[in-house]
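The block underneath contains the structure these notes are about, expressed in structure tokens.
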Protein chains: 2
Amino acid sequence: MPDIKSTKPSGVNPLFLREEELRQGIELLFYAYRDFTAGPDAILAEIGLGRAHHRAIYFIGRNPDITVSELLAILRITKQSLSRVLGQLVREGYVSQRTDEVDRRKRLLCLTEQGDALERRLTADQRARMARAYREAGAEAVDGFRSVLLGMIDDSASVSATLKDDADPPDGLPTRLRRA
Amino acid sequence: MPDIKSTKPSGVNPLFLREEELRQGIELLFYAYRDFTAGPDAILAEIGLGRAHHRAIYFIGRNPDITVSELLAILRITKQSLSRVLGQLVREGYVSQRTDEVDRRKRLLCLTEQGDALERRLTADQRARMARAYREAGAEAVDGFRSVLLGMIDDSASVSATLKDDADPPDGLPTRLRRA
DNA sequence: AGAATAAGTCAACAGTGCTGACCAATTATT
DNA sequence: AATAATTGGTCAGCACTGTTGACTTATTCT
């Protein structure tokens, strides 16, 4: 029994439209992420590293003096998984560690000059791609892009950098990482 | 030498702002994708499957009678990688294969009833998350979200479903898959 | 007949998650 | 001062998912 009061033309089921709209979003996210990671992956493969190394390098570069715990909270992987990646980055000279003098249990992570160079090389690809998409879509679209993505994140408080500008730090990462 | 004619307050370097803006986009994409995949991953782990199985199931469900080649073109992985995943899905009763009667080299893939049930269970999570983000952000934001993501995809023609509504099928997937 | 296409297979390897079981240093609590 | 909690690290093993490379089998196209 179709609803004759429907505002949609030709009695189209609005539930179907909604489903179609959501699935298109799901697919767009998949395709965009697939192509977004392809460039860096190719560079990483050349030097015997993987995507996990890029993630670590990226967030260390973005948050100098980040601790291991904080990095774990961003990446949402286990300590053992990160340890393997981080150990390799330190051994191969991309990341430096030093002890926090206030709390000597903590290790503060920074990129070396070599690490910074690799970070810029890897992310250049992604920045260019995003810049192109931003430019083509326009400023309003960029706002929408950001606002939808932000709404998809679990607890937007557990985000490393300046992705939101409200003032409540309920939990998750220390405020230090939310003031980039 | 700061530009005194700048429209930005306090002579902020526009290149820095652009860089910051792009990096926020990169991070939003990372966080959204991280949280977007977490739900399905947990369900998959219970039944001994992984994210690759979800992808295959998703796109088979979305494009009934898709061939192996077409699925490979969407996923951008090797035949061997897909074969492992697909074989398991067929053996465990999620996917059915039958020979194309027009070209008997081709295998047409479809979800079984069990496969369809799993697909709906897995994607329900993601649809709900996306629906919430869409609702909170509003229709205009959704348009922007889609337009930016679309701009990030390599060749928007090599996309499976109705993500664009222009009429040129330059190459990539057969037109059949572009008319969902 | 021969080339090209579509699919499948076996083997090996790398990267990246996971669990579980520990250890060591340091800091906080009682 | 003793105990507990936190931070970081390590070793071992396992699962999933991507990769190359080398073939085989059908089927279709030229």
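For the structure tokens, the naming scheme is as follows: chains receive sequential letters (A, B, ...) according to their order of presentation, residues are indexed from 1 within each chain, and ligands are indexed from 1 in presentation order.
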Give me the residues of chain B that have any atom at most 7 Å from an atom of chain A; for each, the nearest atom pair and the distance in Å, rounded to one decimal. Use only C-alpha atoms, sort by chain and number, and format it as CSV.
residue,atom,partner,partner_atom,distance
B:Leu22,CA,A:Arg127,CA,6.0
B:Gln24,CA,A:Leu163,CA,6.3
B:Gly25,CA,A:Arg146,CA,7.0
B:Leu28,CA,A:Leu149,CA,6.2
B:Leu29,CA,A:Leu149,CA,6.9
B:Tyr31,CA,A:Ile153,CA,6.2
B:Ala32,CA,A:Ile153,CA,5.0
B:Asp35,CA,A:Ile153,CA,6.0
B:Arg127,CA,A:Leu22,CA,6.0
B:Arg129,CA,A:Met152,CA,6.1
B:Met130,CA,A:Met152,CA,6.4
B:Ala131,CA,A:Leu22,CA,6.7
B:Ala133,CA,A:Gly151,CA,4.4
B:Tyr134,CA,A:Val148,CA,6.2
B:Ala137,CA,A:Val148,CA,5.6
B:Glu140,CA,A:Gly144,CA,6.8
B:Ala141,CA,A:Gly144,CA,3.5
B:Val142,CA,A:Gly144,CA,6.1
B:Asp143,CA,A:Ala141,CA,6.9
B:Gly144,CA,A:Ala141,CA,3.5
B:Phe145,CA,A:Phe145,CA,3.6
B:Arg146,CA,A:Gly25,CA,6.9
B:Ser147,CA,A:Ala137,CA,5.9
B:Val148,CA,A:Ala133,CA,5.3
B:Leu149,CA,A:Ala32,CA,5.9
B:Leu150,CA,A:Leu28,CA,6.6
B:Gly151,CA,A:Ala133,CA,4.4
B:Met152,CA,A:Ala133,CA,5.4
B:Ile153,CA,A:Ala32,CA,5.0
B:Asp154,CA,A:Asp35,CA,6.2
B:Leu163,CA,A:Gln24,CA,6.3
Please produce an output containing N, CA and C atoms for each residue in the selection, written as a short mmCIF file (atom, residue, chain, number, x, y, z; two decimals), in the first residue's frame.
data_model
loop_
_atom_site.label_atom_id
_atom_site.label_comp_id
_atom_site.auth_asym_id
_atom_site.auth_seq_id
_atom_site.Cartn_x
_atom_site.Cartn_y
_atom_site.Cartn_z
N LEU B 22 44.72 20.38 5.23
CA LEU B 22 44.87 19.10 4.55
C LEU B 22 45.16 17.99 5.54
N GLN B 24 44.32 17.86 8.62
CA GLN B 24 43.10 17.52 9.36
C GLN B 24 42.21 16.60 8.54
N GLY B 25 42.17 16.83 7.25
CA GLY B 25 41.40 15.94 6.39
C GLY B 25 41.96 14.53 6.39
N LEU B 28 41.03 12.95 9.71
CA LEU B 28 39.61 12.62 9.78
C LEU B 28 39.34 11.33 9.02
N LEU B 29 39.95 11.22 7.86
CA LEU B 29 39.75 10.02 7.05
C LEU B 29 40.27 8.79 7.79
N TYR B 31 40.65 8.36 11.11
CA TYR B 31 39.81 8.04 12.27
C TYR B 31 38.47 7.46 11.84
N ALA B 32 37.88 8.06 10.81
CA ALA B 32 36.58 7.58 10.37
C ALA B 32 36.68 6.14 9.86
N ASP B 35 37.17 3.64 12.75
CA ASP B 35 35.97 3.33 13.52
C ASP B 35 34.90 2.68 12.65
N ARG B 127 25.91 1.10 8.06
CA ARG B 127 24.81 1.95 7.61
C ARG B 127 24.32 2.82 8.75
N ARG B 129 25.96 3.85 11.34
CA ARG B 129 26.94 4.89 11.64
C ARG B 129 26.87 6.01 10.61
N MET B 130 26.78 5.61 9.35
CA MET B 130 26.73 6.62 8.30
C MET B 130 25.43 7.40 8.37
N ALA B 131 24.33 6.72 8.69
CA ALA B 131 23.04 7.40 8.78
C ALA B 131 23.07 8.45 9.89
N ALA B 133 25.74 10.01 11.06
CA ALA B 133 26.59 11.12 10.62
C ALA B 133 25.88 11.99 9.60
N TYR B 134 25.16 11.36 8.70
CA TYR B 134 24.40 12.11 7.69
C TYR B 134 23.34 12.99 8.36
N ALA B 137 24.84 15.88 10.26
CA ALA B 137 25.54 16.88 9.45
C ALA B 137 24.60 17.62 8.51
N GLU B 140 23.15 19.20 3.04
CA GLU B 140 24.18 19.94 2.31
C GLU B 140 25.56 19.36 2.59
N ALA B 141 25.79 19.05 3.85
CA ALA B 141 27.07 18.47 4.23
C ALA B 141 27.29 17.14 3.54
N VAL B 142 26.21 16.37 3.42
CA VAL B 142 26.31 15.07 2.75
C VAL B 142 26.75 15.25 1.29
N ASP B 143 26.19 16.24 0.65
CA ASP B 143 26.60 16.52 -0.73
C ASP B 143 28.09 16.84 -0.79
N GLY B 144 28.54 17.66 0.15
CA GLY B 144 29.96 18.02 0.18
C GLY B 144 30.83 16.81 0.46
N PHE B 145 30.40 16.00 1.38
CA PHE B 145 31.10 14.76 1.73
C PHE B 145 31.28 13.90 0.49
N ARG B 146 30.20 13.71 -0.23
CA ARG B 146 30.27 12.87 -1.42
C ARG B 146 31.14 13.49 -2.50
N SER B 147 31.03 14.78 -2.64
CA SER B 147 31.77 15.41 -3.74
C SER B 147 33.27 15.39 -3.47
N VAL B 148 33.67 15.58 -2.22
CA VAL B 148 35.11 15.53 -1.91
C VAL B 148 35.63 14.11 -2.07
N LEU B 149 34.91 13.14 -1.54
CA LEU B 149 35.36 11.75 -1.65
C LEU B 149 35.48 11.34 -3.11
N LEU B 150 34.51 11.74 -3.89
CA LEU B 150 34.52 11.41 -5.32
C LEU B 150 35.77 11.99 -5.98
N GLY B 151 36.15 13.19 -5.56
CA GLY B 151 37.33 13.81 -6.13
C GLY B 151 38.62 13.14 -5.72
N MET B 152 38.57 12.34 -4.68
CA MET B 152 39.77 11.66 -4.22
C MET B 152 39.98 10.32 -4.90
N ILE B 153 38.98 9.85 -5.61
CA ILE B 153 39.08 8.54 -6.25
C ILE B 153 39.83 8.67 -7.57
N ASP B 154 40.73 7.73 -7.81
CA ASP B 154 41.65 7.80 -8.93
C ASP B 154 40.96 8.14 -10.24
N LEU B 163 27.77 5.90 -8.46
CA LEU B 163 28.41 6.96 -7.69
C LEU B 163 28.52 8.23 -8.52
#
Applying 12 Å and only C-alpha atoms (C1' of nucleotides), which residues near DC11 in chain D remain after dropping the ones on its own chain fewer than 4 positions away? List them as an MDAnalysis selection string.
(chainID A and resid 80 84) or (chainID C and resid 20:23)
For chain C, which residues have at least one atom within 8 Å of chain B, if we go by only C-alpha atoms (C1' of nucleotides)? Write them as number ranges by chain, please.
C: 6-8
For chain D against chain B, which residues fall within 12 Å using only C-alpha atoms (C1' of nucleotides), given as a PDB file with N, CA and C atoms (P, O5', C5', C4', C3', O3' and C1' of nucleotides), in the first residue's frame?
ATOM      1  P    DA D  15      46.105 -20.434  13.538  1.00  0.00           P
ATOM      2  O5'  DA D  15      45.483 -19.058  13.041  1.00  0.00           O
ATOM      3  C5'  DA D  15      44.735 -18.266  13.940  1.00  0.00           C
ATOM      4  C4'  DA D  15      44.232 -17.033  13.220  1.00  0.00           C
ATOM      5  C3'  DA D  15      43.787 -17.293  11.786  1.00  0.00           C
ATOM      6  O3'  DA D  15      42.618 -16.535  11.539  1.00  0.00           O
ATOM      7  C1'  DA D  15      45.541 -15.692  11.788  1.00  0.00           C
ATOM      8  P    DC D  16      41.799 -16.738  10.186  1.00  0.00           P
ATOM      9  O5'  DC D  16      42.101 -15.389   9.394  1.00  0.00           O
ATOM     10  C5'  DC D  16      41.862 -14.146  10.046  1.00  0.00           C
ATOM     11  C4'  DC D  16      42.438 -13.028   9.205  1.00  0.00           C
ATOM     12  C3'  DC D  16      42.085 -13.127   7.718  1.00  0.00           C
ATOM     13  O3'  DC D  16      41.488 -11.899   7.357  1.00  0.00           O
ATOM     14  C1'  DC D  16      44.416 -12.762   8.019  1.00  0.00           C
ATOM     15  P    DT D  17      40.983 -11.588   5.920  1.00  0.00           P
ATOM     16  O5'  DT D  17      42.296 -11.025   5.227  1.00  0.00           O
ATOM     17  C5'  DT D  17      42.796  -9.771   5.643  1.00  0.00           C
ATOM     18  C4'  DT D  17      43.931  -9.390   4.735  1.00  0.00           C
ATOM     19  C3'  DT D  17      43.621  -9.607   3.242  1.00  0.00           C
ATOM     20  O3'  DT D  17      44.040  -8.473   2.522  1.00  0.00           O
ATOM     21  C1'  DT D  17      45.646 -10.599   3.817  1.00  0.00           C
ATOM     22  P    DG D  18      43.307  -8.165   1.141  1.00  0.00           P
ATOM     23  O5'  DG D  18      44.507  -8.079   0.088  1.00  0.00           O
ATOM     24  C5'  DG D  18      45.324  -6.981   0.016  1.00  0.00           C
ATOM     25  C4'  DG D  18      46.798  -7.333  -0.017  1.00  0.00           C
ATOM     26  C3'  DG D  18      47.380  -7.927  -1.304  1.00  0.00           C
ATOM     27  O3'  DG D  18      47.527  -6.952  -2.305  1.00  0.00           O
ATOM     28  C1'  DG D  18      48.417  -8.838   0.630  1.00  0.00           C
ATOM     29  P    DT D  19      47.812  -7.410  -3.799  1.00  0.00           P
ATOM     30  O5'  DT D  19      49.303  -7.967  -3.779  1.00  0.00           O
ATOM     31  C5'  DT D  19      50.358  -7.117  -3.353  1.00  0.00           C
ATOM     32  C4'  DT D  19      51.656  -7.900  -3.357  1.00  0.00           C
ATOM     33  C3'  DT D  19      51.944  -8.645  -4.643  1.00  0.00           C
ATOM     34  O3'  DT D  19      52.629  -7.791  -5.541  1.00  0.00           O
ATOM     35  C1'  DT D  19      52.413 -10.030  -2.741  1.00  0.00           C
ATOM     36  P    DT D  20      52.739  -8.112  -7.065  1.00  0.00           P
ATOM     37  O5'  DT D  20      54.158  -8.823  -7.179  1.00  0.00           O
ATOM     38  C5'  DT D  20      54.356  -9.994  -6.502  1.00  0.00           C
ATOM     39  C4'  DT D  20      55.693 -10.622  -6.747  1.00  0.00           C
ATOM     40  C3'  DT D  20      55.939 -11.113  -8.173  1.00  0.00           C
ATOM     41  O3'  DT D  20      57.330 -11.237  -8.419  1.00  0.00           O
ATOM     42  C1'  DT D  20      55.338 -12.939  -6.776  1.00  0.00           C
ATOM     43  P    DG D  21      57.800 -11.537  -9.914  1.00  0.00           P
ATOM     44  O5'  DG D  21      57.624 -13.130 -10.025  1.00  0.00           O
ATOM     45  C5'  DG D  21      58.205 -13.957  -9.041  1.00  0.00           C
ATOM     46  C4'  DG D  21      57.956 -15.406  -9.374  1.00  0.00           C
ATOM     47  C3'  DG D  21      57.773 -15.698 -10.869  1.00  0.00           C
ATOM     48  O3'  DG D  21      58.582 -16.829 -11.199  1.00  0.00           O
ATOM     49  C1'  DG D  21      55.981 -16.611  -9.642  1.00  0.00           C
ATOM     50  P    DT D  25      46.095 -29.640 -17.119  1.00  0.00           P
ATOM     51  O5'  DT D  25      44.735 -28.784 -17.184  1.00  0.00           O
ATOM     52  C5'  DT D  25      44.012 -28.533 -15.999  1.00  0.00           C
ATOM     53  C4'  DT D  25      42.728 -27.810 -16.339  1.00  0.00           C
ATOM     54  C3'  DT D  25      42.077 -28.253 -17.655  1.00  0.00           C
ATOM     55  O3'  DT D  25      40.716 -28.545 -17.397  1.00  0.00           O
ATOM     56  C1'  DT D  25      42.298 -25.894 -17.586  1.00  0.00           C
ATOM     57  P    DA D  26      39.830 -29.354 -18.461  1.00  0.00           P
ATOM     58  O5'  DA D  26      38.659 -28.318 -18.650  1.00  0.00           O
ATOM     59  C5'  DA D  26      38.928 -27.186 -19.412  1.00  0.00           C
ATOM     60  C4'  DA D  26      37.852 -26.159 -19.191  1.00  0.00           C
ATOM     61  C3'  DA D  26      36.955 -26.051 -20.409  1.00  0.00           C
ATOM     62  O3'  DA D  26      35.667 -25.605 -20.028  1.00  0.00           O
ATOM     63  C1'  DA D  26      38.426 -24.168 -20.253  1.00  0.00           C
ATOM     64  P    DT D  27      34.515 -25.686 -21.096  1.00  0.00           P
ATOM     65  O5'  DT D  27      34.686 -24.311 -21.877  1.00  0.00           O
ATOM     66  C5'  DT D  27      34.681 -23.100 -21.133  1.00  0.00           C
ATOM     67  C4'  DT D  27      35.086 -21.950 -22.006  1.00  0.00           C
ATOM     68  C3'  DT D  27      34.416 -21.918 -23.380  1.00  0.00           C
ATOM     69  O3'  DT D  27      33.536 -20.813 -23.415  1.00  0.00           O
ATOM     70  C1'  DT D  27      36.719 -21.324 -23.471  1.00  0.00           C
ATOM     71  P    DT D  28      32.646 -20.496 -24.652  1.00  0.00           P
ATOM     72  O5'  DT D  28      33.502 -19.363 -25.374  1.00  0.00           O
ATOM     73  C5'  DT D  28      33.918 -18.231 -24.611  1.00  0.00           C
ATOM     74  C4'  DT D  28      34.843 -17.370 -25.420  1.00  0.00           C
ATOM     75  C3'  DT D  28      34.333 -17.004 -26.830  1.00  0.00           C
ATOM     76  O3'  DT D  28      34.440 -15.615 -26.996  1.00  0.00           O
ATOM     77  C1'  DT D  28      36.555 -17.835 -26.926  1.00  0.00           C
ATOM     78  P    DC D  29      33.876 -14.874 -28.260  1.00  0.00           P
ATOM     79  O5'  DC D  29      35.217 -14.362 -28.951  1.00  0.00           O
ATOM     80  C5'  DC D  29      36.215 -13.783 -28.117  1.00  0.00           C
ATOM     81  C4'  DC D  29      37.467 -13.471 -28.932  1.00  0.00           C
ATOM     82  C3'  DC D  29      37.210 -12.930 -30.326  1.00  0.00           C
ATOM     83  O3'  DC D  29      38.166 -11.898 -30.576  1.00  0.00           O
ATOM     84  C1'  DC D  29      38.521 -14.909 -30.469  1.00  0.00           C
TER      85       DC D  29
END
Please give the complete set of residues from range 19-123 of chain B that DSSP, run on the backbone, assigns to alpha helix (DSSP H), formatted as an NGL selection string.
:B and (19-46 or 51-62 or 68-75 or 79-91 or 113-123)
Output C-alpha atoms of each residue in that selection to a file, as a PDB file, in the first residue's frame.
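Just written: result_36.pdb:
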ATOM      1  CA  GLU B  19      48.799  22.410   5.180  1.00  0.00           C
ATOM      2  CA  GLU B  20      46.945  22.280   8.458  1.00  0.00           C
ATOM      3  CA  GLU B  21      43.626  21.964   6.689  1.00  0.00           C
ATOM      4  CA  LEU B  22      44.866  19.100   4.549  1.00  0.00           C
ATOM      5  CA  ARG B  23      46.354  17.256   7.487  1.00  0.00           C
ATOM      6  CA  GLN B  24      43.097  17.524   9.357  1.00  0.00           C
ATOM      7  CA  GLY B  25      41.400  15.937   6.390  1.00  0.00           C
ATOM      8  CA  ILE B  26      43.933  13.135   6.331  1.00  0.00           C
ATOM      9  CA  GLU B  27      43.381  12.492  10.004  1.00  0.00           C
ATOM     10  CA  LEU B  28      39.611  12.619   9.779  1.00  0.00           C
ATOM     11  CA  LEU B  29      39.748  10.023   7.054  1.00  0.00           C
ATOM     12  CA  PHE B  30      41.979   7.804   9.156  1.00  0.00           C
ATOM     13  CA  TYR B  31      39.811   8.042  12.265  1.00  0.00           C
ATOM     14  CA  ALA B  32      36.579   7.578  10.374  1.00  0.00           C
ATOM     15  CA  TYR B  33      37.857   4.537   8.540  1.00  0.00           C
ATOM     16  CA  ARG B  34      39.297   3.088  11.727  1.00  0.00           C
ATOM     17  CA  ASP B  35      35.974   3.327  13.522  1.00  0.00           C
ATOM     18  CA  PHE B  36      33.974   2.416  10.452  1.00  0.00           C
ATOM     19  CA  THR B  37      35.630  -0.982  10.153  1.00  0.00           C
ATOM     20  CA  ALA B  38      35.770  -1.845  13.839  1.00  0.00           C
ATOM     21  CA  GLY B  39      32.172  -3.060  14.143  1.00  0.00           C
ATOM     22  CA  PRO B  40      32.140  -5.482  11.206  1.00  0.00           C
ATOM     23  CA  ASP B  41      35.623  -6.695  12.118  1.00  0.00           C
ATOM     24  CA  ALA B  42      34.385  -7.817  15.520  1.00  0.00           C
ATOM     25  CA  ILE B  43      31.491  -9.774  14.002  1.00  0.00           C
ATOM     26  CA  LEU B  44      33.750 -11.308  11.383  1.00  0.00           C
ATOM     27  CA  ALA B  45      36.247 -12.441  13.988  1.00  0.00           C
ATOM     28  CA  GLU B  46      33.511 -14.437  15.733  1.00  0.00           C
ATOM     29  CA  ARG B  51      37.755  -7.825   6.457  1.00  0.00           C
ATOM     30  CA  ALA B  52      38.559  -9.127   2.996  1.00  0.00           C
ATOM     31  CA  HIS B  53      35.596 -11.475   3.235  1.00  0.00           C
ATOM     32  CA  HIS B  54      33.367  -8.554   4.084  1.00  0.00           C
ATOM     33  CA  ARG B  55      34.539  -6.626   1.049  1.00  0.00           C
ATOM     34  CA  ALA B  56      33.889  -9.548  -1.263  1.00  0.00           C
ATOM     35  CA  ILE B  57      30.475 -10.210   0.241  1.00  0.00           C
ATOM     36  CA  TYR B  58      29.581  -6.551   0.089  1.00  0.00           C
ATOM     37  CA  PHE B  59      30.352  -6.084  -3.585  1.00  0.00           C
ATOM     38  CA  ILE B  60      28.859  -9.389  -4.638  1.00  0.00           C
ATOM     39  CA  GLY B  61      25.674  -8.435  -2.820  1.00  0.00           C
ATOM     40  CA  ARG B  62      25.741  -5.050  -4.434  1.00  0.00           C
ATOM     41  CA  VAL B  68      35.623 -12.672 -10.736  1.00  0.00           C
ATOM     42  CA  SER B  69      37.433 -10.246 -13.032  1.00  0.00           C
ATOM     43  CA  GLU B  70      35.014  -7.478 -12.250  1.00  0.00           C
ATOM     44  CA  LEU B  71      35.349  -8.080  -8.545  1.00  0.00           C
ATOM     45  CA  LEU B  72      39.122  -7.983  -8.894  1.00  0.00           C
ATOM     46  CA  ALA B  73      38.868  -4.620 -10.647  1.00  0.00           C
ATOM     47  CA  ILE B  74      36.871  -3.203  -7.745  1.00  0.00           C
ATOM     48  CA  LEU B  75      39.006  -4.558  -4.963  1.00  0.00           C
ATOM     49  CA  LYS B  79      43.599 -13.050  -8.253  1.00  0.00           C
ATOM     50  CA  GLN B  80      45.368 -15.264  -5.766  1.00  0.00           C
ATOM     51  CA  SER B  81      44.363 -13.094  -2.828  1.00  0.00           C
ATOM     52  CA  LEU B  82      40.752 -13.039  -3.908  1.00  0.00           C
ATOM     53  CA  SER B  83      40.771 -16.731  -4.716  1.00  0.00           C
ATOM     54  CA  ARG B  84      41.605 -17.654  -1.163  1.00  0.00           C
ATOM     55  CA  VAL B  85      38.831 -15.483   0.218  1.00  0.00           C
ATOM     56  CA  LEU B  86      36.271 -16.427  -2.407  1.00  0.00           C
ATOM     57  CA  GLY B  87      36.959 -20.145  -2.151  1.00  0.00           C
ATOM     58  CA  GLN B  88      36.337 -19.984   1.565  1.00  0.00           C
ATOM     59  CA  LEU B  89      33.085 -18.071   1.091  1.00  0.00           C
ATOM     60  CA  VAL B  90      31.860 -20.633  -1.443  1.00  0.00           C
ATOM     61  CA  ARG B  91      32.897 -23.606   0.696  1.00  0.00           C
ATOM     62  CA  GLU B 113      20.572 -16.577   1.532  1.00  0.00           C
ATOM     63  CA  GLN B 114      23.136 -17.157   4.265  1.00  0.00           C
ATOM     64  CA  GLY B 115      25.522 -14.770   2.545  1.00  0.00           C
ATOM     65  CA  ASP B 116      22.866 -12.137   2.239  1.00  0.00           C
ATOM     66  CA  ALA B 117      22.033 -12.481   5.917  1.00  0.00           C
ATOM     67  CA  LEU B 118      25.677 -12.000   6.849  1.00  0.00           C
ATOM     68  CA  GLU B 119      26.007  -9.063   4.501  1.00  0.00           C
ATOM     69  CA  ARG B 120      23.075  -7.328   6.099  1.00  0.00           C
ATOM     70  CA  ARG B 121      24.368  -8.066   9.568  1.00  0.00           C
ATOM     71  CA  LEU B 122      27.822  -6.708   8.789  1.00  0.00           C
ATOM     72  CA  THR B 123      26.709  -3.644   6.929  1.00  0.00           C
TER      73      THR B 123
END
CA of Tyr94 in chain B to CA of Ile47 in chain B: how many Å, to one decimal?
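CA of Tyr94 in chain B sits 12.1 Å away from CA of Ile47 in chain B.
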Residues of range 6-102 of chain A classed as strand (DSSP E or B) by DSSP on the backbone are to be reported as a PyMOL selection string.
chain A and resi 66-67+95-99
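Near DA28 in chain C, within 9 Å and counting only C-alpha atoms (C1' of nucleotides), sit D:DA4, D:DA5, D:DT6, not including residues fewer than 3 positions from it in the same chain.
CA of Cys110 in chain A is found 27.0 Å from C1' of DC18 in chain C.
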